[in-house]
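S.K.: So that you have it, the file is model00.txt, and it contains compact mmCIF, C-alpha atoms:
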```txt
# COMPACT_ATOMS: atom_id res chain seq x y z
CA MET A 1 7.86 -13.46 -17.65
CA ARG A 2 8.22 -12.39 -14.11
CA ARG A 3 9.73 -9.19 -15.39
CA ASN A 4 6.49 -8.53 -17.15
CA LEU A 5 4.77 -8.69 -13.85
CA VAL A 6 6.93 -5.98 -12.54
CA ALA A 7 4.71 -3.68 -10.73
CA LEU A 8 5.67 -0.10 -10.57
CA LEU A 9 4.34 1.57 -7.59
CA GLY A 10 2.73 4.88 -7.86
CA THR A 11 -0.20 7.14 -7.40
CA VAL A 12 -0.46 6.51 -3.74
CA SER A 13 0.12 9.43 -1.55
CA GLY A 14 2.98 8.64 0.66
CA LEU A 15 1.80 8.46 4.15
CA VAL A 16 4.43 6.94 6.26
CA LEU A 17 3.47 6.13 9.75
CA LEU A 18 6.15 6.44 12.28
CA PHE A 19 5.78 5.54 15.85
CA SER A 20 7.64 7.37 18.47
CA TYR A 21 7.56 6.10 21.95
CA HIS A 22 7.83 8.32 24.89
CA THR A 23 9.77 7.00 27.77
CA SER A 24 6.81 6.95 30.05
CA LEU A 25 4.82 3.83 29.48
CA ASP A 26 1.55 5.57 29.99
CA SER A 27 2.18 8.17 27.40
CA SER A 28 3.46 6.01 24.59
CA VAL A 29 1.80 7.84 21.78
CA PRO A 30 2.16 7.16 18.12
CA THR A 31 2.79 9.98 15.75
CA ALA A 32 2.00 9.88 12.10
CA VAL A 33 4.22 11.74 9.73
CA ALA A 34 2.55 12.60 6.49
CA THR A 35 5.08 13.07 3.78
CA GLY A 36 2.88 14.67 1.22
CA PRO A 37 1.49 13.20 -1.94
CA ALA A 38 3.91 11.12 -3.89
CA THR A 39 4.38 11.92 -7.51
CA PRO A 40 2.45 9.51 -9.65
CA GLY A 41 4.93 6.90 -10.67
CA ASN A 42 3.12 5.52 -13.66
CA ALA A 43 4.16 8.02 -16.25
CA SER A 44 4.42 5.18 -18.72
CA GLY A 45 0.65 5.02 -18.75
CA GLY A 46 -0.16 1.50 -17.81
CA ASP A 47 2.54 -0.09 -19.85
CA THR A 48 3.66 -2.95 -17.73
CA SER A 49 5.51 -4.88 -20.36
CA GLY A 50 8.68 -2.90 -20.21
CA SER A 51 11.49 -3.66 -17.91
CA SER A 52 11.61 -1.73 -14.75
CA SER A 53 13.21 1.62 -15.12
CA GLY A 54 16.07 0.48 -13.03
CA SER A 55 16.85 2.72 -10.20
CA SER A 56 17.09 -0.01 -7.68
CA GLY A 57 20.70 0.80 -7.07
CA SER A 58 20.13 4.48 -7.16
CA SER A 59 20.66 5.73 -3.73
CA SER A 60 21.60 9.21 -4.81
CA GLY A 61 20.13 11.68 -2.45
CA ALA A 62 18.71 9.03 -0.21
CA ARG A 63 19.71 9.15 3.40
CA THR A 64 18.78 6.91 6.21
CA TYR A 65 18.26 7.98 9.74
CA THR A 66 18.12 5.67 12.67
CA GLY A 67 16.20 6.74 15.69
CA GLU A 68 17.23 6.19 19.24
CA VAL A 69 16.28 2.96 20.88
CA ALA A 70 13.13 3.48 22.86
CA ASP A 71 12.19 1.20 25.69
CA THR A 72 8.62 0.06 25.50
CA ARG A 73 6.84 -2.30 27.79
CA TRP A 74 7.53 -5.10 25.36
CA GLY A 75 11.19 -4.32 24.86
CA PRO A 76 13.40 -2.02 22.86
CA VAL A 77 12.12 -0.51 19.65
CA GLN A 78 14.21 1.28 17.08
CA VAL A 79 13.08 2.64 13.74
CA GLN A 80 15.09 3.57 10.68
CA VAL A 81 13.72 5.90 8.03
CA THR A 82 14.97 6.61 4.56
CA VAL A 83 14.56 10.14 3.27
CA GLN A 84 14.90 11.07 -0.35
CA ASP A 85 14.21 14.44 -1.87
CA GLY A 86 12.76 15.60 1.37
CA LYS A 87 10.30 12.74 1.56
CA ILE A 88 10.28 9.70 3.73
CA THR A 89 10.41 6.82 1.32
CA ALA A 90 10.74 3.95 3.74
CA ALA A 91 10.43 3.19 7.38
CA GLN A 92 11.38 0.03 9.07
CA PRO A 93 12.18 -1.17 12.51
CA THR A 94 15.75 -2.14 13.11
CA GLN A 95 14.93 -3.44 16.52
CA VAL A 96 11.67 -4.82 17.81
CA PRO A 97 10.83 -7.03 20.73
CA ASN A 98 10.63 -10.62 19.66
CA GLU A 99 10.37 -12.67 22.76
CA ASN A 100 7.45 -14.73 21.74
CA PHE A 101 4.51 -15.01 19.44
CA ARG A 102 2.45 -12.62 21.52
CA ASP A 103 5.09 -9.96 21.17
CA GLN A 104 5.16 -10.60 17.48
CA GLU A 105 1.48 -9.98 17.32
CA ILE A 106 1.85 -6.75 19.21
CA ASN A 107 4.57 -5.77 16.79
CA SER A 108 2.17 -5.88 13.95
CA TYR A 109 0.56 -2.71 15.08
CA ALA A 110 3.07 -1.34 17.54
CA VAL A 111 5.42 -0.83 14.63
CA PRO A 112 3.36 -0.54 11.48
CA ILE A 113 5.31 -0.08 8.35
CA LEU A 114 3.33 0.99 5.38
CA ASN A 115 5.78 1.65 2.63
CA GLN A 116 4.07 3.20 -0.31
CA GLU A 117 6.95 4.82 -1.98
CA ALA A 118 7.43 4.37 -5.66
CA VAL A 119 10.03 1.67 -5.46
CA GLN A 120 9.94 -1.11 -7.96
CA ALA A 121 8.06 -4.03 -6.60
CA GLN A 122 9.29 -7.02 -8.48
CA SER A 123 8.16 -10.38 -7.33
CA ALA A 124 11.66 -10.96 -6.02
CA GLN A 125 11.07 -8.23 -3.48
CA ILE A 126 7.59 -9.24 -2.44
CA ASP A 127 6.65 -12.22 -0.33
CA ALA A 128 2.93 -12.27 -0.98
CA VAL A 129 0.23 -10.31 -2.75
CA SER A 130 -3.01 -9.16 -1.18
CA GLY A 131 -5.88 -8.58 -3.55
CA ALA A 132 -9.49 -9.38 -4.13
CA THR A 133 -9.98 -13.11 -3.93
CA VAL A 134 -8.02 -14.99 -6.53
CA THR A 135 -9.70 -18.07 -7.90
CA SER A 136 -7.79 -21.22 -8.56
CA ASP A 137 -8.23 -20.54 -12.26
CA GLY A 138 -6.88 -17.05 -12.01
CA TYR A 139 -3.90 -18.09 -9.94
CA ILE A 140 -1.69 -19.25 -12.77
CA GLN A 141 -1.26 -15.78 -14.16
CA SER A 142 -1.00 -14.05 -10.85
CA LEU A 143 2.01 -12.36 -9.37
CA GLN A 144 1.58 -14.62 -6.37
CA SER A 145 2.09 -17.60 -8.63
CA ALA A 146 5.36 -16.15 -9.85
CA ILE A 147 6.47 -15.56 -6.27
CA ASP A 148 5.56 -19.09 -5.28
CA GLN A 149 7.36 -20.57 -8.24
CA ALA A 150 10.58 -18.97 -7.09
CA HIS A 151 10.42 -20.79 -3.79
CA LEU A 152 8.72 -24.09 -4.46
CA MET B 153 16.99 -20.25 -5.55
CA SER B 154 19.46 -18.75 -3.19
CA ASP B 155 17.83 -16.94 -0.40
CA ARG B 156 18.17 -13.24 0.11
CA ARG B 157 16.99 -13.44 3.69
CA GLY B 158 20.21 -13.70 5.58
CA GLY B 159 21.00 -17.26 4.63
CA ASN B 160 17.68 -18.64 5.72
CA GLU B 161 16.18 -21.15 3.43
CA ARG B 162 12.84 -20.37 1.93
CA ARG B 163 10.20 -22.88 1.08
CA ALA B 164 6.81 -22.53 -0.54
CA ARG B 165 3.93 -24.90 -0.98
CA VAL B 166 0.77 -24.27 -2.99
CA ASP B 167 -2.48 -26.15 -2.55
CA HIS B 168 -5.99 -25.58 -3.77
CA VAL B 169 -8.37 -25.61 -0.85
CA MET B 170 -11.76 -24.02 -0.31
CA GLY B 171 -11.86 -23.08 -3.97
CA MET B 172 -8.75 -20.95 -3.68
CA PRO B 173 -5.05 -21.23 -4.20
CA VAL B 174 -3.36 -21.30 -0.82
CA SER B 175 0.33 -20.42 -0.79
CA ILE B 176 2.28 -21.22 2.34
CA HIS B 177 5.78 -19.88 2.80
CA VAL B 178 8.26 -20.88 5.47
CA ARG B 179 11.71 -19.46 5.96
CA GLY B 180 14.32 -20.57 8.42
CA PRO B 181 16.95 -23.23 8.96
CA ALA B 182 16.78 -26.10 6.51
CA ALA B 183 13.28 -25.08 5.49
CA ARG B 184 13.68 -26.96 2.22
CA THR B 185 14.93 -30.21 3.67
CA ASP B 186 13.80 -30.49 7.29
CA PRO B 187 11.14 -33.22 7.55
CA ASP B 188 9.60 -31.33 10.47
CA VAL B 189 8.85 -28.46 8.11
CA ASP B 190 7.29 -30.90 5.67
CA ALA B 191 5.14 -32.37 8.40
CA ALA B 192 4.07 -28.97 9.72
CA LEU B 193 3.13 -27.83 6.22
CA ALA B 194 1.12 -30.98 5.69
CA ARG B 195 -0.75 -30.44 8.96
CA ALA B 196 -1.53 -26.83 8.07
CA VAL B 197 -2.97 -27.93 4.74
CA ALA B 198 -4.88 -30.74 6.42
CA LEU B 199 -6.40 -28.21 8.80
CA LEU B 200 -7.68 -26.20 5.85
CA HIS B 201 -9.15 -29.30 4.23
CA ASP B 202 -10.84 -30.22 7.50
CA VAL B 203 -12.36 -26.76 7.75
CA GLU B 204 -13.61 -27.04 4.21
CA ALA B 205 -15.25 -30.37 4.95
CA VAL B 206 -17.19 -28.86 7.85
CA PHE B 207 -18.01 -25.43 6.46
CA SER B 208 -18.38 -25.80 2.71
CA THR B 209 -21.75 -24.77 1.38
CA TYR B 210 -20.95 -26.71 -1.78
CA ARG B 211 -20.74 -30.02 0.01
CA PRO B 212 -24.18 -31.32 0.87
CA ASP B 213 -22.79 -33.39 3.74
CA SER B 214 -21.02 -30.53 5.51
CA ALA B 215 -22.30 -29.37 8.88
CA VAL B 216 -23.04 -25.92 7.47
CA SER B 217 -25.04 -27.38 4.58
CA ARG B 218 -27.05 -29.43 7.06
CA ILE B 219 -27.69 -26.33 9.14
CA ARG B 220 -28.83 -24.49 6.02
CA ARG B 221 -31.27 -27.27 5.23
CA GLY B 222 -32.58 -27.23 8.76
CA GLU B 223 -31.30 -30.72 9.52
CA LEU B 224 -28.89 -29.56 12.20
CA SER B 225 -29.24 -26.86 14.80
CA LEU B 226 -26.41 -24.50 15.63
CA ALA B 227 -26.57 -25.65 19.20
CA GLY B 228 -26.02 -29.22 18.07
CA ALA B 229 -23.25 -28.35 15.64
CA PRO B 230 -19.55 -29.05 16.16
CA ALA B 231 -17.67 -26.67 18.44
CA ASP B 232 -15.84 -25.04 15.56
CA VAL B 233 -19.13 -24.19 13.90
CA ARG B 234 -20.50 -22.69 17.08
CA GLU B 235 -17.33 -20.62 17.48
CA VAL B 236 -17.57 -19.34 13.93
CA ALA B 237 -21.24 -18.52 14.44
CA ARG B 238 -20.33 -16.55 17.55
CA LEU B 239 -17.63 -14.68 15.63
CA CYS B 240 -20.18 -13.95 12.89
CA GLU B 241 -22.53 -12.46 15.45
CA GLN B 242 -19.77 -10.31 16.88
CA ALA B 243 -18.76 -9.22 13.40
CA ARG B 244 -22.32 -8.28 12.54
CA ASP B 245 -22.59 -6.18 15.67
CA ARG B 246 -19.37 -4.32 15.33
CA THR B 247 -19.85 -3.64 11.61
CA GLU B 248 -23.38 -2.41 12.22
CA GLY B 249 -24.70 -5.13 9.99
CA TRP B 250 -22.37 -4.57 7.07
CA PHE B 251 -20.84 -7.96 7.63
CA ASP B 252 -23.40 -10.66 8.18
CA GLY B 253 -23.05 -14.41 8.42
CA TRP B 254 -26.75 -14.90 7.75
CA LEU B 255 -27.50 -13.86 4.20
CA PRO B 256 -30.79 -13.84 2.30
CA ASP B 257 -31.20 -16.95 0.21
CA GLY B 258 -32.20 -15.25 -2.99
CA PRO B 259 -33.77 -11.80 -3.30
CA ARG B 260 -36.70 -12.55 -1.01
CA GLY B 261 -35.52 -15.75 0.54
CA PRO B 262 -35.02 -16.46 4.20
CA ARG B 263 -31.72 -15.68 5.85
CA LEU B 264 -29.51 -18.73 6.04
CA PHE B 265 -26.24 -19.34 7.85
CA GLU B 266 -23.51 -18.38 5.38
CA PRO B 267 -20.26 -18.02 7.31
CA THR B 268 -17.99 -18.45 4.28
CA GLY B 269 -16.87 -14.84 4.37
CA LEU B 270 -15.51 -15.27 7.86
CA VAL B 271 -14.42 -18.89 7.73
CA LYS B 272 -11.72 -18.28 5.20
CA GLY B 273 -9.84 -15.79 7.34
CA TRP B 274 -10.51 -17.83 10.45
CA ALA B 275 -9.11 -20.98 8.87
CA VAL B 276 -6.06 -19.26 7.43
CA GLU B 277 -5.34 -17.56 10.74
CA ARG B 278 -5.58 -20.91 12.52
CA ALA B 279 -3.36 -22.61 9.98
CA CYS B 280 -0.79 -19.85 10.34
CA ARG B 281 -0.78 -20.06 14.12
CA GLN B 282 -0.55 -23.82 14.10
CA LEU B 283 2.32 -23.68 11.64
CA SER B 284 4.13 -20.99 13.57
CA GLY B 285 3.64 -22.86 16.81
CA ALA B 286 5.10 -25.99 15.28
CA LEU B 287 8.10 -24.19 13.82
CA PRO B 288 9.58 -21.93 16.50
CA SER B 289 12.73 -21.27 14.46
CA HIS B 290 10.91 -20.25 11.33
CA ASP B 291 8.86 -17.40 9.94
CA VAL B 292 5.62 -18.38 8.25
CA LEU B 293 3.15 -16.82 5.86
CA VAL B 294 -0.15 -18.16 4.53
CA ASP B 295 -1.76 -16.44 1.54
CA ALA B 296 -5.21 -17.74 0.67
CA GLY B 297 -6.40 -16.14 -2.54
CA GLY B 298 -5.06 -12.74 -1.54
CA ASP B 299 -5.85 -12.76 2.17
CA ILE B 300 -2.74 -13.22 4.24
CA ALA B 301 -1.82 -14.27 7.76
CA LEU B 302 1.82 -14.21 8.78
CA ALA B 303 4.12 -14.50 11.75
CA CYS B 304 7.80 -14.10 12.42
CA ARG B 305 9.28 -16.22 15.18
CA ARG B 306 12.86 -15.25 14.53
CA PRO B 307 14.30 -12.04 15.92
CA ASP B 308 16.99 -11.74 13.27
CA THR B 309 14.92 -11.80 10.10
CA PRO B 310 13.39 -8.98 8.12
CA PRO B 311 9.63 -8.60 8.12
CA TRP B 312 7.53 -10.21 5.45
CA THR B 313 6.82 -7.87 2.56
CA VAL B 314 3.25 -7.94 1.28
CA GLY B 315 2.30 -6.19 -1.92
CA VAL B 316 -1.16 -4.73 -2.33
CA GLU B 317 -2.57 -5.32 -5.77
CA ASP B 318 -3.85 -2.45 -7.87
CA PRO B 319 -7.48 -3.33 -8.66
CA ARG B 320 -7.26 -1.24 -11.83
CA ASP B 321 -4.34 -3.24 -13.15
CA ARG B 322 -3.74 -6.49 -11.38
CA THR B 323 -0.22 -6.79 -12.68
CA ARG B 324 0.71 -3.78 -10.63
CA LEU B 325 1.09 -3.18 -6.95
CA LEU B 326 -0.24 -0.12 -5.22
CA ALA B 327 1.67 -0.45 -2.05
CA THR B 328 3.86 -2.67 -0.02
CA VAL B 329 3.44 -3.43 3.63
CA GLU B 330 6.14 -4.82 5.83
CA LEU B 331 4.81 -6.82 8.71
CA ARG B 332 6.15 -9.22 11.31
CA ALA B 333 2.82 -10.55 12.46
CA GLY B 334 -0.82 -10.05 11.69
CA GLY B 335 -3.09 -10.13 8.71
CA VAL B 336 -3.66 -8.38 5.41
CA ALA B 337 -7.02 -8.69 3.69
CA THR B 338 -8.45 -7.12 0.56
CA SER B 339 -12.06 -6.92 -0.46
CA GLY B 340 -13.00 -5.76 -3.91
CA THR B 341 -14.50 -6.54 -7.23
CA ALA B 342 -11.40 -7.26 -9.28
CA ALA B 343 -11.24 -11.02 -9.15
CA ARG B 344 -14.76 -12.34 -9.06
CA GLY B 345 -16.96 -9.50 -10.04
CA ALA B 346 -19.31 -8.08 -7.48
CA HIS B 347 -19.15 -10.76 -4.84
CA VAL B 348 -19.63 -8.50 -1.87
CA LEU B 349 -23.27 -7.97 -1.11
CA ASP B 350 -24.91 -5.38 0.99
CA PRO B 351 -26.02 -7.81 3.69
CA ARG B 352 -28.90 -5.60 4.70
CA GLY B 353 -30.70 -5.91 1.40
CA GLY B 354 -28.75 -8.53 -0.49
CA GLY B 355 -27.95 -6.13 -3.31
CA PRO B 356 -24.47 -5.34 -4.53
CA GLY B 357 -22.24 -3.45 -2.14
CA GLY B 358 -19.11 -1.46 -2.72
CA GLU B 359 -20.60 1.54 -4.44
CA GLY B 360 -17.90 3.82 -5.74
CA LEU B 361 -15.05 1.58 -4.61
CA LEU B 362 -12.67 -0.77 -6.34
CA SER B 363 -11.08 -2.28 -3.25
CA VAL B 364 -10.35 -1.92 0.42
CA THR B 365 -7.26 -3.46 1.97
CA VAL B 366 -6.91 -3.71 5.73
CA VAL B 367 -3.71 -4.46 7.63
CA GLY B 368 -4.23 -5.43 11.23
CA PRO B 369 -3.15 -7.56 14.15
CA ASN B 370 -5.01 -10.62 12.93
CA LEU B 371 -6.50 -11.79 9.67
CA VAL B 372 -9.97 -12.56 10.99
CA ASP B 373 -10.64 -8.98 11.98
CA ALA B 374 -8.76 -7.50 9.03
CA ASP B 375 -10.87 -9.59 6.67
CA ILE B 376 -14.13 -8.59 8.33
CA ASP B 377 -13.13 -4.94 8.35
CA ALA B 378 -12.14 -5.02 4.68
CA THR B 379 -15.40 -6.73 3.70
CA ALA B 380 -17.58 -4.42 5.77
CA ALA B 381 -15.77 -1.29 4.63
CA PHE B 382 -16.02 -2.29 1.00
CA ALA B 383 -19.71 -3.10 1.34
CA ARG B 384 -20.30 0.35 2.83
CA GLY B 385 -18.86 1.86 -0.30
CA ILE B 386 -17.51 5.33 -0.78
CA GLY B 387 -17.15 7.15 2.49
CA CYS B 388 -16.21 4.03 4.43
CA GLU B 389 -13.12 5.82 5.70
CA ALA B 390 -14.98 7.34 8.62
CA TRP B 391 -15.86 3.87 9.86
CA LEU B 392 -12.37 2.50 9.25
CA GLU B 393 -10.96 5.28 11.39
CA THR B 394 -12.87 3.84 14.33
CA ARG B 395 -11.34 0.40 13.95
CA PRO B 396 -8.56 -0.42 16.37
CA ASP B 397 -4.98 -0.92 15.32
CA ILE B 398 -5.45 -1.06 11.58
CA VAL B 399 -4.12 0.67 8.53
CA ALA B 400 -6.31 0.57 5.44
CA LEU B 401 -5.88 1.38 1.78
CA VAL B 402 -9.11 2.47 0.10
CA VAL B 403 -9.18 2.52 -3.70
CA PRO B 404 -12.13 4.48 -5.10
CA GLU B 405 -13.42 4.16 -8.66
CA ASN B 406 -12.55 7.78 -9.20
CA GLY B 407 -9.65 9.52 -7.59
CA ASP B 408 -6.51 8.47 -5.84
CA PRO B 409 -6.16 5.64 -3.36
CA ARG B 410 -6.29 6.79 0.22
CA THR B 411 -4.58 5.57 3.32
CA VAL B 412 -6.72 5.41 6.42
CA ARG B 413 -5.34 4.99 9.89
CA GLY B 414 -7.52 3.28 12.44
CA ARG B 415 -7.84 4.15 16.05
CA LEU B 416 -4.87 3.16 18.16
CA ARG B 417 -5.99 1.07 21.03
CA ALA B 418 -4.13 0.93 24.29
CA PRO B 419 -1.60 -1.77 23.49
CA ALA B 420 -2.20 -3.57 26.75
CA SER B 421 -5.18 -5.38 25.29
CA PRO B 422 -4.26 -6.96 21.99
CA SER B 423 -7.10 -8.78 20.33
CA LEU B 424 -5.85 -12.26 20.85
CA ARG B 425 -8.23 -15.06 20.33
```
Before we go any further, please render this structure as structure tokens.

M.R.:
Amino acid sequence: MRRNLVALLGTVSGLVLLFSYHTSLDSSVPTAVATGPATPGNASGGDTSGSSSGSSGSSSGARTYTGEVADTRWGPVQVQVTVQDGKITAAQPTQVPNENFRDQEINSYAVPILNQEAVQAQSAQIDAVSGATVTSDGYIQSLQSAIDQAHL
Amino acid sequence: MSDRRGGNERRARVDHVMGMPVSIHVRGPAARTDPDVDAALARAVALLHDVEAVFSTYRPDSAVSRIRRGELSLAGAPADVREVARLCEQARDRTEGWFDGWLPDGPRGPRLFEPTGLVKGWAVERACRQLSGALPSHDVLVDAGGDIALACRRPDTPPWTVGVEDPRDRTRLLATVELRAGGVATSGTAARGAHVLDPRGGGPGGEGLLSVTVVGPNLVDADIDATAAFARGIGCEAWLETRPDIVALVVPENGDPRTVRGRLRAPASPSLR
């Protein structure tokens, strides 16, 4: 059943935001790297019943690059990006300051990671779903319900 | 279920509060068996129930219902109500009226205190902070009907991964967002029909849009921004670009979803409340 809820990503242009920190504290400036529009990933035309076209293990052509550790006022920050077919498909911090809750809060926008690549998003890979308000009635059939079930 | 998060146990709890399913996830040492985790989860849920008792417009005995009937003044209301009213005023100002906690009661009715649109995010944010504060070795996430507050206390765990639902097909996800702290809120028509009103006239808002999702440093502001942007309708991107420290995903009725980057504020002044 959960397989049926497999959500193929697609149609979103892939804008991956990368932050680069200059060494000077005063000039820590974010840079956004636009990676061009992603190819629509829903060639199957809305058919969500099929199993995911499994390329989860397919790393052919994908390369990851890890940036240098940059010292920020909150601590060291390091970002790793994955590039496939000339496009950045993922960006994630490998090192972020974590000293306390306040730092964590800062992290949320100091190192934004908006992955919109067309990876398969099965419930097993997602922790929560944001959408227009789900009612208690609508919950049972929601992807969030499937996620919760796996961890209850 | 074995945990894929570096050996940390993962625990979920689902309750129905404020008319919504609320899913709370905790990951960390012994999350499934530690009685402290149980107790912290119970307190977080109790907090939400307490908020509902004070703010529900469906309960005639709630403070907000009494305010709406004119039986209680804001000045005489509990501190939490006064705080929420203050946040509503701030939200109205900074959204130029597109978010309003005083909505017309019927097409030509008087404006009555209706903070529900803000209270949900406020309550979930509070529950998340309380939970995170009580569990310093754990990461926590609270998803209330699609609006999410989360925090990671551990330095050695991956971020939480939040999927953004496709309003055109709710079994699909449009995007994923990885986040270690902050909030993710979506406003749209998919779940309940047109529930976002243009607060200025009381008519339906969201013209030309299916949904707006906002990712930001805290759920309260993300939720307000998502609601206000959606109410503005098509072309809301220009306003979203002025919002500090957010990333938004705007899904129009026609055309491709668009990512909008907010203004980056000097990081020295995070919006902590």

S.K.: So the first atom is CA of Trp391 (chain B) and the second is CA of Val364 (chain B); what is the distance between them in Å, to one decimal place?

M.R.: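 Separation between CA of Trp391 (chain B) and CA of Val364 (chain B): 12.4 Å.
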
S.K.: By how many Å are CA of Arg179 (chain B) and CA of Glu161 (chain B) apart?

M.R.: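 Computed distance, CA of Arg179 (chain B) to CA of Glu161 (chain B), equals 5.4 Å.
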
S.K.: I'd like the interatomic distance between CA of Glu235 (chain B) and CA of Phe207 (chain B), to a tenth of an Å.

M.R.: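 A separation of 12.0 Å between them.
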
S.K.: Using all atoms listed in the file, find the residues of chain B whose closest atom to chain A is at most 6 Å away, then write them as a ChimeraX atom specification.

M.R.: /B:163-165,172-173,297-299,307,313-317,323-334,338-340,342-343,369,397,409

S.K.: Might you pull out every residue within 10 Å of Asp257 (chain B), with all atoms listed in the file counted and same-chain residues fewer than 4 positions away left off, and present them as a PyMOL selection string?

M.R.: chain B and resi 220+261-266+354

S.K.: With a distance cut-off of 9 Å and only C-alpha atoms, select the neighbouring residues of Pro181 (chain B), excluding the residue or stretch itself and same-chain residues fewer than 6 positions from it, and output the selection as a list in words.

M.R.: Gly159, Asn160, Glu161, Arg162, Ser289 and His290 of chain B

S.K.: If we count all atoms listed in the file, what is near Gly273 (chain B) at a cut-off of 8 Å, once residues fewer than 3 positions away on the same chain are taken out, given as a short mmCIF file (atom, residue, chain, number, x, y, z; two decimals) with C-alpha atoms, keeping the file's coordinate frame?

M.R.:
```
data_model
loop_
_atom_site.label_atom_id
_atom_site.label_comp_id
_atom_site.auth_asym_id
_atom_site.auth_seq_id
_atom_site.Cartn_x
_atom_site.Cartn_y
_atom_site.Cartn_z
CA GLY B 269 -16.87 -14.84 4.37
CA LEU B 270 -15.51 -15.27 7.86
CA VAL B 276 -6.06 -19.26 7.43
CA GLU B 277 -5.34 -17.56 10.74
CA ASP B 299 -5.85 -12.76 2.17
CA LEU B 371 -6.50 -11.79 9.67
CA VAL B 372 -9.97 -12.56 10.99
CA ASP B 375 -10.87 -9.59 6.67
#
```

S.K.: Give the answer as one residue: which of B:Val189, B:Lys272, B:Glu248, B:Gly258 has the shortest atom-to-atom distance to Ser208 (chain B), using only C-alpha atoms?

M.R.: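 So, comparing all the options, the nearest one is B:Lys272.
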
S.K.: Can you work out which one of B:Arg395, B:Arg415, B:Arg322, B:Arg221 has the shortest atom-to-atom distance to Ala381 (chain B), counting all atoms listed in the file?

M.R.: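 Under the stated criterion, the closest residue is B:Arg395.
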